[in-house]
>>> print(open('entry.cif').read())   # mmCIF, C-alpha atoms and all ligand atoms
data_input
#
loop_
_atom_site.label_atom_id
_atom_site.label_comp_id
_atom_site.auth_asym_id
_atom_site.auth_seq_id
_atom_site.Cartn_x
_atom_site.Cartn_y
_atom_site.Cartn_z
CA MET A 116 0.00 0.00 0.00
CA SER A 117 1.18 3.52 -0.70
CA SER A 118 -0.02 7.12 -0.47
CA LEU A 119 -0.18 10.34 -2.50
CA GLN A 120 -0.22 14.02 -1.65
CA VAL A 121 -3.02 15.90 -3.41
CA CYS A 122 -3.39 19.69 -3.59
CA ALA A 123 -6.73 20.75 -2.14
CA ALA A 124 -6.78 23.83 -4.42
CA CYS A 125 -5.70 22.67 -7.89
CA GLY A 126 -5.83 18.88 -7.56
CA ASP A 127 -2.17 18.36 -8.52
CA LYS A 128 -0.73 15.08 -7.27
CA LEU A 129 2.65 14.90 -5.51
CA HIS A 130 4.62 11.75 -4.69
CA GLU A 131 4.28 10.60 -1.08
CA LEU A 132 7.97 11.48 -0.49
CA ASP A 133 7.80 14.98 -2.02
CA PRO A 134 9.17 17.36 0.68
CA ARG A 135 7.26 20.51 -0.36
CA ALA A 136 5.21 22.07 2.47
CA ARG A 137 2.56 23.32 0.04
CA CYS A 138 1.63 22.87 -3.58
CA ASP A 139 3.36 25.28 -5.99
CA CYS A 140 -0.03 26.99 -6.47
CA GLY A 141 -0.02 27.82 -2.72
CA GLY A 142 -2.75 25.29 -1.90
CA LEU A 143 -2.65 22.99 1.12
CA LEU A 144 -1.70 19.37 0.56
CA GLU A 145 -3.71 16.40 1.69
CA VAL A 146 -2.55 12.80 2.02
CA ARG A 147 -4.55 10.01 0.38
CA HIS A 148 -3.85 6.34 0.87
CA ASP A 149 -4.62 3.29 -1.21
CA PRO A 150 -7.74 1.69 0.24
CA PRO A 151 -6.95 -0.96 2.88
CA PRO A 152 -7.33 -4.62 1.83
CA VAL A 153 -10.33 -5.05 4.12
CA THR A 154 -13.13 -2.70 5.23
CA GLY A 155 -16.10 -2.61 7.60
CA ALA A 156 -16.26 -5.21 10.34
CA ALA A 157 -13.05 -6.90 9.13
CA LEU A 158 -11.12 -3.65 9.46
CA ARG A 159 -12.62 -2.97 12.90
CA GLU A 160 -11.56 -6.47 13.97
CA ARG A 161 -8.05 -5.92 12.64
CA PHE A 162 -7.71 -2.70 14.67
CA ASP A 163 -9.25 -4.30 17.76
CA ALA A 164 -6.98 -7.37 17.57
CA ARG A 165 -3.90 -5.12 17.64
CA MET A 166 -4.89 -3.82 21.09
CA GLY A 167 -3.77 -7.12 22.58
CA SER A 168 -0.59 -7.38 20.49
CA LEU A 169 2.99 -6.97 21.75
CA ASP A 170 4.27 -5.56 18.44
CA PRO A 171 5.51 -1.98 19.17
CA LEU A 172 3.64 -0.63 16.13
CA ASP A 173 0.38 -2.19 17.28
CA ARG A 174 0.91 -0.78 20.77
CA SER A 175 0.96 2.80 19.51
CA GLY A 176 -2.47 4.47 19.51
CA VAL A 177 -1.44 6.07 16.21
CA TRP A 178 0.26 3.26 14.29
CA ARG A 179 -2.39 0.72 15.31
CA PHE A 180 -4.45 2.49 12.63
CA ARG A 181 -1.56 2.60 10.15
CA GLU A 182 -3.63 1.70 7.06
CA LEU A 183 -5.36 5.07 7.57
CA VAL A 184 -2.24 6.96 8.73
CA LEU A 185 0.78 6.10 6.58
CA PRO A 186 0.71 2.48 5.44
CA SER A 187 4.08 2.39 3.68
CA ALA A 188 6.15 3.77 6.60
CA ALA A 189 6.08 0.71 8.84
CA ASP A 190 9.81 -0.02 9.03
CA GLN A 191 10.92 3.60 9.58
CA VAL A 192 8.50 4.71 12.27
CA VAL A 193 9.65 7.09 15.05
CA SER A 194 7.27 6.16 17.86
CA HIS A 195 7.39 6.66 21.63
CA PRO A 196 4.72 4.99 21.60
CA GLU A 197 1.90 7.56 21.81
CA GLY A 198 -1.88 7.62 22.04
CA ASN A 199 -3.75 5.01 24.08
CA THR A 200 -5.20 7.90 26.05
CA PRO A 201 -8.11 7.23 28.42
CA LEU A 202 -11.79 7.95 27.85
CA LEU A 203 -13.05 9.11 31.24
CA ALA A 204 -16.53 9.43 32.75
CA ARG A 205 -16.50 11.76 35.78
CA ALA A 206 -19.78 12.68 37.44
CA PRO A 207 -18.78 16.10 38.84
CA ILE A 208 -17.68 17.29 35.40
CA ALA A 209 -20.70 15.78 33.63
CA ASP A 210 -23.06 17.33 36.20
CA TRP A 211 -21.46 20.75 35.78
CA THR A 212 -22.09 20.71 32.03
CA GLY A 213 -25.64 19.33 32.32
CA ILE A 214 -24.77 16.37 30.08
CA ALA A 215 -24.99 13.15 32.09
CA GLY A 216 -23.41 11.11 29.29
CA LEU A 217 -20.32 13.32 28.95
CA ARG A 218 -16.99 11.55 28.58
CA LEU A 219 -13.51 13.04 28.33
CA LYS A 220 -10.86 11.85 25.89
CA HIS A 221 -7.71 12.90 27.75
CA GLU A 222 -4.96 13.62 25.24
CA GLY A 223 -2.83 15.07 28.03
CA HIS A 224 -1.80 11.46 28.70
CA ASN A 225 0.42 11.45 25.61
CA PRO A 226 4.22 11.23 26.13
CA THR A 227 4.87 15.00 26.03
CA GLY A 228 1.48 15.82 27.52
CA SER A 229 -0.59 16.84 24.50
CA PHE A 230 -2.21 15.41 21.35
CA LYS A 231 0.58 17.02 19.30
CA ASP A 232 2.54 13.77 19.77
CA ARG A 233 0.07 11.98 17.51
CA GLY A 234 0.88 14.32 14.66
CA MET A 235 4.59 14.42 15.37
CA THR A 236 5.17 10.68 15.36
CA VAL A 237 3.95 10.74 11.75
CA GLY A 238 5.56 14.05 10.80
CA VAL A 239 8.98 13.12 12.14
CA THR A 240 8.70 9.65 10.60
CA GLN A 241 8.08 11.40 7.28
CA ALA A 242 11.03 13.79 7.88
CA ARG A 243 13.26 10.78 8.32
CA ARG A 244 11.87 9.03 5.25
CA ILE A 245 12.58 11.99 2.99
CA GLY A 246 16.07 12.47 4.47
CA SER A 247 15.56 16.00 5.82
CA ARG A 248 18.57 17.57 7.51
CA ALA A 249 16.54 19.49 10.11
CA VAL A 250 12.93 20.08 11.15
CA ALA A 251 11.15 23.26 12.24
CA CYS A 252 7.80 24.54 13.48
CA ALA A 253 6.09 27.64 14.83
CA SER A 254 4.22 26.90 17.99
CA THR A 255 2.22 28.20 20.93
CA GLY A 256 4.25 25.64 22.90
CA ASN A 257 2.92 22.11 22.62
CA THR A 258 3.89 21.56 19.00
CA ALA A 259 7.40 22.70 19.93
CA ALA A 260 7.56 20.30 22.89
CA ALA A 261 6.37 17.38 20.75
CA LEU A 262 8.68 18.16 17.84
CA ALA A 263 11.61 18.60 20.23
CA ALA A 264 11.02 15.15 21.72
CA TYR A 265 10.39 13.26 18.49
CA GLY A 266 13.20 15.11 16.69
CA ALA A 267 15.58 14.13 19.50
CA GLN A 268 14.47 10.51 19.19
CA ALA A 269 15.09 10.59 15.42
CA GLY A 270 18.46 12.32 15.87
CA LEU A 271 17.35 15.36 13.84
CA PRO A 272 18.21 18.98 14.68
CA VAL A 273 15.04 20.85 15.74
CA LEU A 274 14.30 24.55 15.33
CA VAL A 275 11.24 25.94 17.11
CA PHE A 276 9.75 29.43 16.83
CA VAL A 277 7.61 30.57 19.75
CA PRO A 278 6.17 34.00 20.65
CA THR A 279 8.34 35.46 23.41
CA GLY A 280 6.60 35.83 26.76
CA GLN A 281 3.47 34.01 25.55
CA VAL A 282 4.39 30.36 26.01
CA ALA A 283 3.25 28.42 29.07
CA LEU A 284 6.18 27.50 31.31
CA GLY A 285 5.85 23.72 31.11
CA LYS A 286 5.99 23.81 27.32
CA LEU A 287 9.00 26.11 27.12
CA ALA A 288 10.80 23.97 29.69
CA GLN A 289 10.16 20.84 27.61
CA SER A 290 11.55 22.36 24.40
CA LEU A 291 14.76 23.27 26.21
CA ALA A 292 14.97 19.91 27.97
CA TYR A 293 14.61 17.89 24.76
CA GLY A 294 17.36 19.99 23.16
CA ALA A 295 15.51 21.99 20.50
CA LYS A 296 17.04 25.26 19.31
CA THR A 297 14.34 27.47 20.82
CA LEU A 298 13.84 30.88 19.23
CA LEU A 299 11.79 33.39 21.23
CA VAL A 300 10.32 35.57 18.50
CA ARG A 301 9.34 39.17 19.32
CA GLY A 302 5.86 38.84 17.85
CA ASP A 303 2.73 36.75 18.22
CA PHE A 304 2.10 33.18 17.05
CA ASP A 305 0.90 34.37 13.66
CA ALA A 306 4.23 36.20 13.15
CA CYS A 307 6.10 33.01 14.12
CA LEU A 308 4.13 31.05 11.54
CA ARG A 309 4.93 33.52 8.75
CA LEU A 310 8.63 33.54 9.70
CA VAL A 311 9.06 29.78 9.86
CA GLN A 312 7.48 29.36 6.43
CA GLN A 313 10.03 31.76 4.90
CA VAL A 314 12.87 30.05 6.75
CA ALA A 315 11.79 26.59 5.66
CA ASP A 316 11.76 27.68 2.02
CA GLU A 317 15.14 29.40 2.17
CA LEU A 318 17.10 27.03 4.42
CA GLY A 319 15.67 23.76 3.15
CA VAL A 320 14.37 22.72 6.56
CA TYR A 321 11.36 20.38 6.70
CA LEU A 322 8.33 22.24 8.02
CA LEU A 323 6.22 20.50 10.65
CA ASN A 324 3.47 23.04 11.24
CA SER A 325 -0.11 21.96 11.40
CA ILE A 326 -0.47 22.57 7.65
CA ASN A 327 1.88 19.61 7.26
CA PRO A 328 -0.44 16.95 5.84
CA PHE A 329 1.31 14.07 7.63
CA ARG A 330 0.61 15.58 11.03
CA VAL A 331 -3.07 15.69 10.09
CA GLU A 332 -2.91 11.94 9.40
CA GLY A 333 -1.61 11.30 12.92
CA GLN A 334 -4.16 13.55 14.59
CA LYS A 335 -6.98 11.65 12.90
CA THR A 336 -6.28 8.84 15.35
CA ILE A 337 -7.73 10.87 18.26
CA VAL A 338 -11.10 10.22 16.64
CA LEU A 339 -10.33 6.67 15.48
CA GLU A 340 -9.16 5.68 18.94
CA LEU A 341 -12.15 7.23 20.69
CA LEU A 342 -14.53 5.48 18.29
CA GLN A 343 -12.74 2.22 19.06
CA GLN A 344 -13.05 2.90 22.80
CA CYS A 345 -16.80 3.45 22.25
CA GLY A 346 -16.99 -0.03 20.67
CA TRP A 347 -17.39 1.78 17.31
CA ARG A 348 -20.74 3.19 18.50
CA VAL A 349 -20.78 6.77 17.28
CA PRO A 350 -21.34 9.52 19.90
CA ASP A 351 -23.76 12.33 19.07
CA TRP A 352 -21.15 15.05 19.53
CA ILE A 353 -17.38 15.46 19.71
CA ALA A 354 -16.34 18.77 21.31
CA PHE A 355 -12.78 20.13 21.23
CA PRO A 356 -10.85 23.41 21.47
CA ALA A 357 -10.03 25.03 18.13
CA GLY A 358 -7.07 27.33 17.49
CA ASN A 359 -5.06 26.72 14.35
CA LEU A 360 -7.82 24.31 13.24
CA GLY A 361 -5.53 21.33 12.68
CA ASN A 362 -7.74 19.09 14.79
CA THR A 363 -10.91 20.43 13.19
CA ALA A 364 -9.45 19.43 9.84
CA ALA A 365 -8.15 16.07 11.06
CA PHE A 366 -11.38 15.06 12.83
CA GLY A 367 -13.50 15.74 9.75
CA LYS A 368 -11.11 13.78 7.54
CA ALA A 369 -11.02 10.85 9.98
CA LEU A 370 -14.80 10.69 10.16
CA ALA A 371 -15.33 10.95 6.41
CA GLU A 372 -12.83 8.16 5.81
CA ALA A 373 -14.20 6.01 8.62
CA ARG A 374 -17.64 6.19 7.06
CA VAL A 375 -16.45 5.42 3.54
CA LEU A 376 -14.55 2.41 4.87
CA GLY A 377 -17.57 1.18 6.82
CA LEU A 378 -15.95 1.57 10.25
CA ILE A 379 -18.99 3.65 11.26
CA ASP A 380 -22.41 4.10 9.69
CA ARG A 381 -23.18 7.69 10.70
CA LEU A 382 -21.27 10.83 11.68
CA PRO A 383 -21.15 12.57 15.04
CA ARG A 384 -21.55 16.36 15.00
CA LEU A 385 -18.36 18.31 15.65
CA ALA A 386 -18.39 21.20 18.13
CA ALA A 387 -15.28 23.36 17.68
CA ILE A 388 -14.86 25.70 20.65
CA GLN A 389 -12.87 28.92 20.45
CA ALA A 390 -11.89 31.43 23.12
CA ALA A 391 -14.00 34.58 22.71
CA GLY A 392 -10.85 36.68 22.27
CA ALA A 393 -9.45 34.41 19.55
CA ALA A 394 -12.50 33.44 17.54
CA PRO A 395 -12.04 34.13 13.82
CA PHE A 396 -13.50 30.71 12.93
CA ALA A 397 -16.59 31.31 15.06
CA LEU A 398 -17.09 34.64 13.24
CA GLY A 399 -16.88 32.80 9.96
CA PHE A 400 -19.35 30.16 11.11
CA GLN A 401 -21.94 32.82 12.01
CA GLU A 402 -21.79 34.05 8.40
CA GLY A 403 -21.99 30.60 6.83
CA PHE A 404 -18.23 30.83 6.15
CA ALA A 405 -18.82 33.49 3.50
CA ARG A 406 -15.27 34.82 4.01
CA ARG A 407 -12.12 34.20 5.95
CA HIS A 408 -11.57 36.23 9.14
CA ARG A 409 -8.38 37.33 10.87
CA VAL A 410 -8.27 38.83 14.38
CA THR A 411 -5.67 39.90 16.92
CA ALA A 412 -5.93 37.07 19.43
CA GLU A 413 -6.13 37.53 23.20
CA THR A 414 -6.95 34.76 25.69
CA VAL A 415 -5.61 33.06 28.79
CA ALA A 416 -5.72 29.79 26.80
CA THR A 417 -2.39 30.29 25.01
CA ALA A 418 -2.65 27.05 23.01
CA ILE A 419 -5.60 28.49 21.08
CA LYS A 420 -4.42 32.12 21.03
CA ILE A 421 -4.37 32.22 17.24
CA GLY A 422 -5.85 34.98 15.08
CA ASP A 423 -5.20 33.65 11.58
CA PRO A 424 -5.68 29.87 11.59
CA ALA A 425 -3.73 27.93 8.99
CA SER A 426 -6.14 25.07 8.29
CA TRP A 427 -9.18 27.27 7.64
CA ASP A 428 -10.45 25.69 4.40
CA ARG A 429 -10.07 22.11 5.56
CA ALA A 430 -11.78 23.00 8.84
CA VAL A 431 -14.76 24.59 7.06
CA ARG A 432 -15.25 21.33 5.20
CA SER A 433 -15.19 19.36 8.46
CA ILE A 434 -17.86 21.54 10.07
CA ARG A 435 -20.06 21.44 6.97
CA GLU A 436 -19.77 17.69 6.45
CA THR A 437 -20.62 16.85 10.07
CA ASN A 438 -23.40 19.44 10.49
CA GLY A 439 -21.07 20.83 13.12
CA VAL A 440 -21.06 24.06 15.09
CA VAL A 441 -18.41 26.58 16.15
CA ALA A 442 -19.01 28.27 19.49
CA THR A 443 -17.10 30.64 21.76
CA VAL A 444 -16.50 30.71 25.51
CA THR A 445 -15.03 33.51 27.61
CA ASP A 446 -11.79 33.25 29.55
CA ALA A 447 -13.81 33.25 32.78
CA GLU A 448 -15.83 30.26 31.53
CA ILE A 449 -12.63 28.49 30.47
CA LEU A 450 -11.03 29.01 33.89
CA GLU A 451 -14.15 27.85 35.71
CA ALA A 452 -14.36 24.71 33.54
CA LYS A 453 -10.69 24.08 34.18
CA ALA A 454 -11.19 24.38 37.94
CA ILE A 455 -13.99 21.80 37.74
CA VAL A 456 -11.91 19.41 35.60
CA ASP A 457 -8.90 19.86 37.88
CA ALA A 458 -10.82 19.44 41.15
CA ALA A 459 -12.30 16.16 39.86
CA GLY A 460 -8.73 14.81 39.89
CA VAL A 461 -8.53 14.83 36.08
CA GLY A 462 -6.72 18.08 35.34
CA CYS A 463 -5.99 19.79 32.01
CA GLU A 464 -4.43 22.95 30.63
CA PRO A 465 -6.57 26.06 30.03
CA ALA A 466 -7.19 25.54 26.28
CA SER A 467 -8.42 21.99 26.93
CA ALA A 468 -11.05 23.23 29.34
CA ALA A 469 -12.60 25.25 26.51
CA SER A 470 -14.15 22.02 25.24
CA VAL A 471 -15.89 21.35 28.57
CA ALA A 472 -16.97 25.00 28.87
CA GLY A 473 -18.25 24.76 25.31
CA VAL A 474 -20.35 21.67 26.07
CA LYS A 475 -21.98 23.51 28.97
CA ALA A 476 -22.64 26.57 26.80
CA LEU A 477 -24.13 24.51 23.96
CA ARG A 478 -26.33 22.64 26.45
CA ALA A 479 -27.52 25.95 27.90
CA ARG A 480 -28.37 27.21 24.40
CA GLY A 481 -30.35 24.03 23.69
CA ILE A 482 -28.03 22.96 20.88
CA ILE A 483 -26.82 19.83 22.68
CA ALA A 484 -29.68 17.81 24.21
CA PRO A 485 -29.33 16.74 27.88
CA GLU A 486 -29.46 13.03 26.98
CA ALA A 487 -26.85 13.37 24.20
CA ASP A 488 -23.82 11.13 24.09
CA VAL A 489 -20.92 13.62 24.10
CA VAL A 490 -17.15 13.19 24.06
CA ALA A 491 -15.09 16.28 24.95
CA VAL A 492 -11.41 16.19 24.06
CA LEU A 493 -8.97 17.41 26.72
CA THR A 494 -6.00 18.38 24.60
CA GLY A 495 -3.23 18.97 27.14
CA HIS A 496 -1.91 18.06 30.60
CA VAL A 497 -2.53 20.06 33.79
CA LEU A 498 1.23 20.67 34.31
CA LYS A 499 1.66 22.43 30.96
CA ASP A 500 0.66 25.81 32.34
CA PRO A 501 1.57 26.12 36.02
CA GLY A 502 1.61 29.91 35.70
CA ALA A 503 -2.09 30.16 34.85
CA LEU A 504 -2.90 27.63 37.57
CA LEU A 505 -1.03 29.39 40.34
CA SER A 506 -2.34 32.82 39.49
CA TYR A 507 -5.90 31.42 39.56
CA HIS A 508 -5.51 29.80 42.95
CA ARG A 509 -3.56 32.71 44.48
CA GLU A 510 -5.79 35.47 43.13
CA THR A 511 -7.38 37.45 45.96
CA GLU A 512 -9.09 40.44 44.38
CA PRO A 513 -11.54 38.85 44.16
CA ALA A 514 -10.73 35.18 44.82
CA PRO A 515 -12.16 33.05 41.96
CA ALA A 516 -15.09 30.79 42.89
CA HIS A 517 -13.03 27.59 42.93
CA ALA A 518 -9.70 28.98 44.17
CA ASN A 519 -7.75 26.69 46.51
CA ARG A 520 -5.31 29.00 48.22
CA PRO A 521 -2.03 27.64 49.59
CA ILE A 522 -1.66 28.32 53.31
CA GLU A 523 1.68 29.17 54.89
CA ILE A 524 2.02 28.11 58.56
CA GLU A 525 4.46 27.89 61.49
CA PRO A 526 5.78 24.31 61.95
CA THR A 527 3.48 23.53 64.90
CA VAL A 528 0.58 21.14 65.47
CA ALA A 529 -1.46 24.05 66.77
CA ALA A 530 -1.05 25.86 63.46
CA VAL A 531 -2.21 22.78 61.54
CA ALA A 532 -5.16 22.32 63.89
CA ALA A 533 -6.14 25.94 63.41
CA VAL A 534 -6.18 25.52 59.64
CA PHE A 535 -7.86 22.13 59.74
CA GLY A 536 -10.51 23.39 62.12
CA ARG A 537 -11.34 26.14 59.72
CA SER A 538 -12.21 23.88 56.80
C1 LIG A 601 -2.51 22.81 19.63
C2 LIG A 601 -3.47 22.81 20.74
C3 LIG A 601 -4.81 23.17 20.56
C4 LIG A 601 -5.35 23.70 19.28
O1 LIG A 601 -5.48 22.75 18.28
P1 LIG A 601 -5.61 23.17 16.74
O2 LIG A 601 -5.49 21.90 16.04
O3 LIG A 601 -4.48 24.11 16.49
O4 LIG A 601 -6.91 23.86 16.57
C5 LIG A 601 -5.67 23.06 21.64
N1 LIG A 601 -5.24 22.65 22.84
C6 LIG A 601 -3.95 22.32 23.05
C7 LIG A 601 -3.52 21.91 24.41
C8 LIG A 601 -3.03 22.39 22.01
O5 LIG A 601 -1.75 22.08 22.26
ZN ZN A 602 -2.10 23.24 -6.19
#
>>> encode(input="entry.cif", output="structure tokens", more="lines below")
Ligand SMILES: *Cc1c(COP(=O)(O)O)cnc(C)c1O
Ligand SMILES: [Zn+2]
Amino acid sequence: MSSLQVCAACGDKLHELDPRARCDCGGLLEVRHDPPPVTGAALRERFDARMGSLDPLDRSGVWRFRELVLPSAADQVVSHPEGNTPLLARAPIADWTGIAGLRLKHEGHNPTGSFKDRGMTVGVTQARRIGSRAVACASTGNTAAALAAYGAQAGLPVLVFVPTGQVALGKLAQSLAYGAKTLLVRGDFDACLRLVQQVADELGVYLLNSINPFRVEGQKTIVLELLQQCGWRVPDWIAFPAGNLGNTAAFGKALAEARVLGLIDRLPRLAAIQAAGAAPFALGFQEGFARRHRVTAETVATAIKIGDPASWDRAVRSIRETNGVVATVTDAEILEAKAIVDAAGVGCEPASAASVAGVKALRARGIIAPEADVVAVLTGHVLKDPGALLSYHRETEPAPAHANRPIEIEPTVAAVAAVFGRS
């Protein structure tokens, strides 16, 4: 089995090992694979059987689905392994949203703490296959952390471009730890993205931004794995935070392919949730996607602080094909949702909580029914953004509703008793 890259704008076909980041016409590339030898129940059984296998490829929650990811790469794969993230049911979180059947697909359980690992295992595998001499990305932090780790594993030099002063501490720390050359760009994420595209063209570095079509193939497995965990019974809704729209694009592609191949017989509706201060896609949705919007982004959820999303066109298709919606939530709603998720012992980073806040908002607006079967994707780990966490819990003017203030005491039993008595 092999694959092709196809331009979404002009339809030109590129070889699967062509290193260009875009088509010469400027269009985004999309990967298409030869159809797998089996479909429907036989393909489901093949994927299910691999869950009990000891083969390292089968044990990855990405490469288990390799016929739909990159079938010809099997012997060159750079895998941690990744994926195999839990699908959680937690009553306090479900109750808060008003959706009793809510479950959480926790992508923070990936090796570097976000779903970006699913894209990077494929992207870095592809970098190695085409013999690139270095890899680069622009990032709000998690893409950089994932590329740094997978690049290190592949022995490739890594160049990451992040907006200075706007990257959560855990993510910046990871990039440095894994040895990436970390460039703090005096500009926002959108400036980083423009810069890295110029650099990639001029220096011949392989670009692993979310427009990279191989990363999209890896991120499709969030949906494939959650469908598998649901016993291939399709939920009514899948809700997730949307920034650069890579996941929006990947989820729609995964679902369309899963239906064509007979893995599922109907589509869930996608609910892409944006922060109110970084919501160009939601603006577009309100107008039936009549035109593309760009905004100057501002939100506490730095992973989705993106004003000019790269995967716009592909994401529009995903929302249209799934009868999906795009909604916004405020930073206050995001932080409250995060406090609820955290206090349930689950934990996630701010952007991830947008999906849970979005489910509550869509329930309140009557768009999601109370008895609906909903999966919300938590995209990143609670330790990614300790800065946002600590300022929430230490804030005093006024203290947020769910703040859990640390208490400094003298080293005496009496001091402990005084505190304990209070609570
Ligand atoms: C990258 C990222 C997002 C945004 O995903 P897109 O595919 O860019 O829309 C959301 N949450 C976290 C934690 C991320 O790292
Ligand atoms: Zn083209």
>>> closest_atom_pairs(input="entry.cif", of="chain A", to="ligand LIG 601 (chain A)", cutoff="8 Å", atoms="all atoms listed in the file", output="CSV")
residue,atom,partner,partner_atom,distance
A:Gly223,CA,A:LIG601,C7,7.8
A:Ser229,CA,A:LIG601,O5,5.8
A:Phe230,CA,A:LIG601,O5,6.7
A:Lys231,CA,A:LIG601,O5,6.3
A:Thr255,CA,A:LIG601,C1,7.3
A:Gly256,CA,A:LIG601,O5,7.0
A:Asn257,CA,A:LIG601,O5,4.7
A:Thr258,CA,A:LIG601,O5,6.5
A:Ser325,CA,A:LIG601,O3,7.0
A:Phe355,CA,A:LIG601,C5,7.7
A:Pro356,CA,A:LIG601,C5,5.2
A:Ala357,CA,A:LIG601,O4,3.7
A:Gly358,CA,A:LIG601,O4,3.6
A:Asn359,CA,A:LIG601,O3,3.4
A:Leu360,CA,A:LIG601,O4,3.5
A:Gly361,CA,A:LIG601,O2,3.4
A:Asn362,CA,A:LIG601,O2,3.8
A:Thr363,CA,A:LIG601,O4,6.3
A:Ala364,CA,A:LIG601,O2,7.8
A:Ala418,CA,A:LIG601,C8,4.8
A:Ile419,CA,A:LIG601,C4,5.1
A:Pro424,CA,A:LIG601,O3,7.7
A:Glu464,CA,A:LIG601,C7,6.4
A:Pro465,CA,A:LIG601,C7,7.6
A:Ala466,CA,A:LIG601,N1,4.9
A:Ser467,CA,A:LIG601,N1,5.2
A:Leu493,CA,A:LIG601,C7,7.4
A:Thr494,CA,A:LIG601,C7,4.3
A:Gly495,CA,A:LIG601,C7,4.0
A:His496,CA,A:LIG601,C7,7.5
>>> residues_near_ligand(input="entry.cif", ligand="ligand ZN 602 (chain A)", cutoff="7 Å", atoms="only C-alpha atoms and all ligand atoms", output="number ranges by chain")
A: 122-127, 138-142
>>> closest_residue(input="entry.cif", among="A:Lys220, A:Arg384, A:Lys453, A:Arg348", to="Ala416 of chain A", atoms="all atoms listed in the file")
A:Lys453
>>> atom_distance(input="entry.cif", atom1="atom CA of Asp446 of chain A", atom2="atom CA of Ala479 of chain A")
17.4 Å
>>> closest_residue(input="entry.cif", among="A:Thr212, A:Gln343, A:Gln289, A:Ser433", to="Ile483 of chain A", atoms="only C-alpha atoms")
A:Thr212
>>> atom_distance(input="entry.cif", atom1="atom CA of Trp211 of chain A", atom2="atom CA of Gly473 of chain A")
11.7 Å
>>> closest_residue(input="entry.cif", among="A:Ala442, A:Ala514, A:Ala468, A:Val192", to="Arg480 of chain A", atoms="all atoms listed in the file")
A:Ala442
>>> residues_around(input="entry.cif", residues="segment 152-157 of chain A", least_positions_apart="5", cutoff="10 Å", atoms="all atoms listed in the file", output="list in words")
Met116, Phe162, Asp163, Glu182, Trp347, Ala373, Arg374, Val375, Leu376, Gly377, Leu378, Ile379 and Asp380 of chain A
>>> closest_residue(input="entry.cif", among="A:Leu217, A:Leu119, A:Val250, A:Ala259", to="Pro186 of chain A", atoms="only C-alpha atoms")
A:Leu119
>>> closest_residue(input="entry.cif", among="A:Glu448, A:Asp428, A:Glu131, A:Asp170", to="Val415 of chain A", atoms="only C-alpha atoms")
A:Glu448
>>> closest_residue(input="entry.cif", among="A:Lys368, A:Leu203, A:Ser426, A:Asp173", to="Arg161 of chain A", atoms="all atoms listed in the file")
A:Asp173
